[in-house]
Amino acid sequence: MKVREIQKALNLEIAAGARGLDGDISGGYCGDLLSDVMANAQKGGIWLTIQSHQNVVAVAVLRELAAIVFVNGRVPDEETKTKAETEGIPLLLSSGSSYALAGKLYALGIGRI
């Protein structure tokens with residue numbers, strides 16, 4: 001499934017990184033501790049987090065993640081958006097919780113959330 005399909009299906013706002021919307025999603029990960037995400041998130045995953053600083057983009061690049069979804073209404077700052085644009089990492093926004101969004105992703109066929 002493509003990032004764009006998830007974005008549309010879940011009505012997620014695009015904050016940055018639109019050029020990466022055609023990337024494939026192979027799974028997902030929920031986590032707010034960056035070291036945990038670095039150790040456990042899988043390549044091609046969609047990452048659900050409340051962390052909205054620019055280090056999340058560095059972690060996504062390191063783990064080759066397909067997208068980052070900021071949950072609970074979190075919004076990244078301009079520096080984070082700029083870094084995501086540079087790296088081509090889609091930043092998506094949701095007002096819902098990680099728990100609710102993970103359930104929706106699982107229902108769409110995205111595993112390992």
# chains A, B, ... in the order shown; residues from 1 in each chain; ligands from 1
$ select_by_dssp --residues "range 7-109 of chain A" --states "alpha helix (DSSP H)" --output "NGL selection string"
:A and (7-9 or 34-40 or 55-63 or 78-87 or 98-107)
$ residues_around --residues "Ala58 in chain A" --least-positions-apart "2" --cutoff "12 Å" --atoms "only C-alpha atoms" --output "PyMOL selection string"
chain A and resi 34-35+37-38+52-56+60-65+67-68+80-81+83-84+86-89
$ residues_around --residues "Asp24 in chain A" --least-positions-apart "2" --cutoff "9 Å" --atoms "only C-alpha atoms" --output "list in words"
Met1, Lys2, Val3, Leu21, Asp22, Ser26, Gly44, Gly45 and Ala66 of chain A
$ write_last_selection --atoms "all heavy atoms" --output "PDB file, in the first residue's frame"
ATOM      1  N   MET A   1       0.843  -1.170   0.000  1.00  0.00           N
ATOM      2  CA  MET A   1       0.000   0.000   0.000  1.00  0.00           C
ATOM      3  C   MET A   1       0.893   1.238   0.000  1.00  0.00           C
ATOM      4  O   MET A   1       1.932   1.265   0.647  1.00  0.00           O
ATOM      5  CB  MET A   1      -0.899  -0.020   1.233  1.00  0.00           C
ATOM      6  CG  MET A   1      -1.917   1.088   1.270  1.00  0.00           C
ATOM      7  SD  MET A   1      -3.145   0.854   2.572  1.00  0.00           S
ATOM      8  CE  MET A   1      -4.372  -0.042   1.672  1.00  0.00           C
ATOM      9  N   LYS A   2       0.499   2.252  -0.713  1.00  0.00           N
ATOM     10  CA  LYS A   2       1.256   3.498  -0.827  1.00  0.00           C
ATOM     11  C   LYS A   2       0.911   4.450   0.326  1.00  0.00           C
ATOM     12  O   LYS A   2      -0.194   4.413   0.872  1.00  0.00           O
ATOM     13  CB  LYS A   2       0.945   4.202  -2.147  1.00  0.00           C
ATOM     14  CG  LYS A   2       1.215   3.387  -3.382  1.00  0.00           C
ATOM     15  CD  LYS A   2       2.685   3.327  -3.677  1.00  0.00           C
ATOM     16  CE  LYS A   2       2.929   2.590  -4.988  1.00  0.00           C
ATOM     17  NZ  LYS A   2       4.327   2.312  -5.187  1.00  0.00           N
ATOM     18  N   VAL A   3       1.866   5.317   0.648  1.00  0.00           N
ATOM     19  CA  VAL A   3       1.639   6.333   1.679  1.00  0.00           C
ATOM     20  C   VAL A   3       0.424   7.182   1.307  1.00  0.00           C
ATOM     21  O   VAL A   3      -0.429   7.477   2.146  1.00  0.00           O
ATOM     22  CB  VAL A   3       2.885   7.223   1.871  1.00  0.00           C
ATOM     23  CG1 VAL A   3       2.611   8.350   2.857  1.00  0.00           C
ATOM     24  CG2 VAL A   3       4.086   6.404   2.314  1.00  0.00           C
ATOM     25  N   LEU A  21       5.037  10.621  -1.048  1.00  0.00           N
ATOM     26  CA  LEU A  21       3.724   9.998  -0.886  1.00  0.00           C
ATOM     27  C   LEU A  21       3.517   8.741  -1.727  1.00  0.00           C
ATOM     28  O   LEU A  21       2.611   7.969  -1.461  1.00  0.00           O
ATOM     29  CB  LEU A  21       2.612  11.003  -1.187  1.00  0.00           C
ATOM     30  CG  LEU A  21       2.433  12.119  -0.168  1.00  0.00           C
ATOM     31  CD1 LEU A  21       1.405  13.140  -0.663  1.00  0.00           C
ATOM     32  CD2 LEU A  21       2.033  11.563   1.190  1.00  0.00           C
ATOM     33  N   ASP A  22       4.357   8.529  -2.727  1.00  0.00           N
ATOM     34  CA  ASP A  22       4.218   7.328  -3.553  1.00  0.00           C
ATOM     35  C   ASP A  22       5.079   6.173  -3.047  1.00  0.00           C
ATOM     36  O   ASP A  22       5.161   5.127  -3.700  1.00  0.00           O
ATOM     37  CB  ASP A  22       4.539   7.646  -5.013  1.00  0.00           C
ATOM     38  CG  ASP A  22       3.454   8.507  -5.630  1.00  0.00           C
ATOM     39  OD1 ASP A  22       2.265   8.254  -5.352  1.00  0.00           O
ATOM     40  OD2 ASP A  22       3.783   9.447  -6.373  1.00  0.00           O
ATOM     41  N   SER A  26       5.282  -1.072   4.189  1.00  0.00           N
ATOM     42  CA  SER A  26       5.375  -2.510   4.396  1.00  0.00           C
ATOM     43  C   SER A  26       4.960  -2.936   5.799  1.00  0.00           C
ATOM     44  O   SER A  26       4.839  -4.119   6.087  1.00  0.00           O
ATOM     45  CB  SER A  26       6.810  -2.975   4.135  1.00  0.00           C
ATOM     46  OG  SER A  26       7.699  -2.311   5.007  1.00  0.00           O
ATOM     47  N   GLY A  44      10.539   0.703   5.444  1.00  0.00           N
ATOM     48  CA  GLY A  44       9.263   0.836   4.751  1.00  0.00           C
ATOM     49  C   GLY A  44       8.075   1.021   5.671  1.00  0.00           C
ATOM     50  O   GLY A  44       6.940   1.077   5.205  1.00  0.00           O
ATOM     51  N   GLY A  45       8.323   1.149   6.948  1.00  0.00           N
ATOM     52  CA  GLY A  45       7.230   1.293   7.905  1.00  0.00           C
ATOM     53  C   GLY A  45       6.679   2.701   7.980  1.00  0.00           C
ATOM     54  O   GLY A  45       7.317   3.671   7.584  1.00  0.00           O
ATOM     55  N   ALA A  66       8.842   4.870   5.610  1.00  0.00           N
ATOM     56  CA  ALA A  66       8.062   5.436   4.503  1.00  0.00           C
ATOM     57  C   ALA A  66       7.402   6.756   4.873  1.00  0.00           C
ATOM     58  O   ALA A  66       7.207   7.607   4.006  1.00  0.00           O
ATOM     59  CB  ALA A  66       7.003   4.435   4.051  1.00  0.00           C
TER      60      ALA A  66
END
$ closest_residue --among "A:Leu12, A:Glu78, A:Leu93, A:Ala41" --to "Tyr29 in chain A" --atoms "only C-alpha atoms"
A:Ala41
$ residues_around --residues "Ser95 in chain A" --least-positions-apart "5" --cutoff "8 Å" --atoms "only C-alpha atoms" --output "list in words"
Val71, Asn72, Gly73 and Arg74 of chain A
$ write_last_selection --atoms "all heavy atoms" --output "short mmCIF file (atom, residue, chain, number, x, y, z; two decimals), in the first residue's frame"
data_model
loop_
_atom_site.label_atom_id
_atom_site.label_comp_id
_atom_site.auth_asym_id
_atom_site.auth_seq_id
_atom_site.Cartn_x
_atom_site.Cartn_y
_atom_site.Cartn_z
N VAL A 71 0.58 12.10 15.95
CA VAL A 71 -0.74 11.84 16.51
C VAL A 71 -1.08 12.84 17.62
O VAL A 71 -0.25 13.67 17.99
CB VAL A 71 -0.84 10.39 17.03
CG1 VAL A 71 -0.63 9.40 15.90
CG2 VAL A 71 0.16 10.14 18.15
N ASN A 72 -2.30 12.75 18.12
CA ASN A 72 -2.77 13.60 19.23
C ASN A 72 -2.70 15.09 18.90
O ASN A 72 -2.50 15.91 19.78
CB ASN A 72 -2.01 13.32 20.52
CG ASN A 72 -2.29 11.95 21.08
OD1 ASN A 72 -3.22 11.28 20.66
ND2 ASN A 72 -1.47 11.52 22.02
N GLY A 73 -2.81 15.42 17.62
CA GLY A 73 -2.82 16.82 17.22
C GLY A 73 -1.46 17.50 17.23
O GLY A 73 -1.38 18.72 17.10
N ARG A 74 -0.39 16.72 17.35
CA ARG A 74 0.96 17.32 17.34
C ARG A 74 1.28 17.85 15.95
O ARG A 74 0.89 17.27 14.94
CB ARG A 74 2.02 16.30 17.74
CG ARG A 74 1.82 15.67 19.09
CD ARG A 74 1.97 16.71 20.21
NE ARG A 74 1.52 16.18 21.48
CZ ARG A 74 2.31 15.80 22.46
NH1 ARG A 74 3.60 15.91 22.34
NH2 ARG A 74 1.80 15.33 23.57
#
$ closest_residue --among "A:Gly96, A:Pro90, A:Gly103, A:Gly111" --to "Gly20 in chain A" --atoms "only C-alpha atoms"
A:Pro90
$ residues_around --residues "Asp32 in chain A" --least-positions-apart "3" --cutoff "9 Å" --atoms "only C-alpha atoms" --output "number ranges by chain"
A: 35-37, 48-51
$ write_last_selection --atoms "all heavy atoms" --output "CSV table (one decimal), in the first residue's frame"
chain,number,residue,atom,x,y,z
A,35,SER,N,15.3,5.8,20.6
A,35,SER,CA,16.2,4.7,20.6
A,35,SER,C,15.4,3.4,20.3
A,35,SER,O,15.9,2.4,19.7
A,35,SER,CB,17.0,4.6,21.9
A,35,SER,OG,16.1,4.5,23.0
A,36,ASP,N,14.2,3.3,20.8
A,36,ASP,CA,13.4,2.1,20.6
A,36,ASP,C,13.0,2.0,19.1
A,36,ASP,O,13.0,0.9,18.5
A,36,ASP,CB,12.1,2.2,21.4
A,36,ASP,CG,11.2,1.0,21.2
A,36,ASP,OD1,11.6,-0.1,21.5
A,36,ASP,OD2,10.0,1.3,20.7
A,37,VAL,N,12.6,3.1,18.5
A,37,VAL,CA,12.3,3.2,17.1
A,37,VAL,C,13.5,2.8,16.2
A,37,VAL,O,13.4,2.0,15.3
A,37,VAL,CB,11.7,4.5,16.7
A,37,VAL,CG1,11.4,4.6,15.2
A,37,VAL,CG2,10.5,4.9,17.5
A,48,LEU,N,4.1,6.0,13.9
A,48,LEU,CA,3.1,6.8,14.7
A,48,LEU,C,3.8,7.3,16.0
A,48,LEU,O,4.3,6.5,16.7
A,48,LEU,CB,1.9,6.0,15.1
A,48,LEU,CG,1.2,5.3,14.0
A,48,LEU,CD1,0.0,4.5,14.5
A,48,LEU,CD2,0.8,6.2,12.8
A,49,THR,N,3.8,8.6,16.2
A,49,THR,CA,4.5,9.2,17.3
A,49,THR,C,3.9,10.6,17.8
A,49,THR,O,3.3,11.2,17.0
A,49,THR,CB,6.0,9.4,17.0
A,49,THR,OG1,6.7,9.8,18.2
A,49,THR,CG2,6.3,10.4,15.9
A,50,ILE,N,4.2,10.9,19.0
A,50,ILE,CA,3.9,12.3,19.5
A,50,ILE,C,5.1,13.2,19.4
A,50,ILE,O,5.0,14.4,19.5
A,50,ILE,CB,3.4,12.3,20.9
A,50,ILE,CG1,4.4,11.7,21.9
A,50,ILE,CG2,2.0,11.6,21.0
A,50,ILE,CD1,4.1,12.0,23.4
A,51,GLN,N,6.3,12.6,19.1
A,51,GLN,CA,7.5,13.4,19.0
A,51,GLN,C,7.4,14.2,17.7
A,51,GLN,O,7.2,13.6,16.7
A,51,GLN,CB,8.8,12.5,19.0
A,51,GLN,CG,8.9,11.7,20.3
A,51,GLN,CD,9.3,12.6,21.5
A,51,GLN,OE1,9.7,13.7,21.4
A,51,GLN,NE2,9.1,12.0,22.6
$ select_by_dssp --residues "chain A" --states "strand (DSSP E or B)" --output "VMD selection string"
chain A and resid 2 13 to 16 24 27 to 30 45 to 49 67 to 70 91 to 93
$ closest_residue --among "A:Ile110, A:Ala9, A:Gly17, A:Val69" --to "Ser98 in chain A" --atoms "only C-alpha atoms"
A:Val69
$ closest_residue --among "A:Ile25, A:Leu33, A:Val59, A:Val75" --to "Leu92 in chain A" --atoms "only C-alpha atoms"
A:Val75
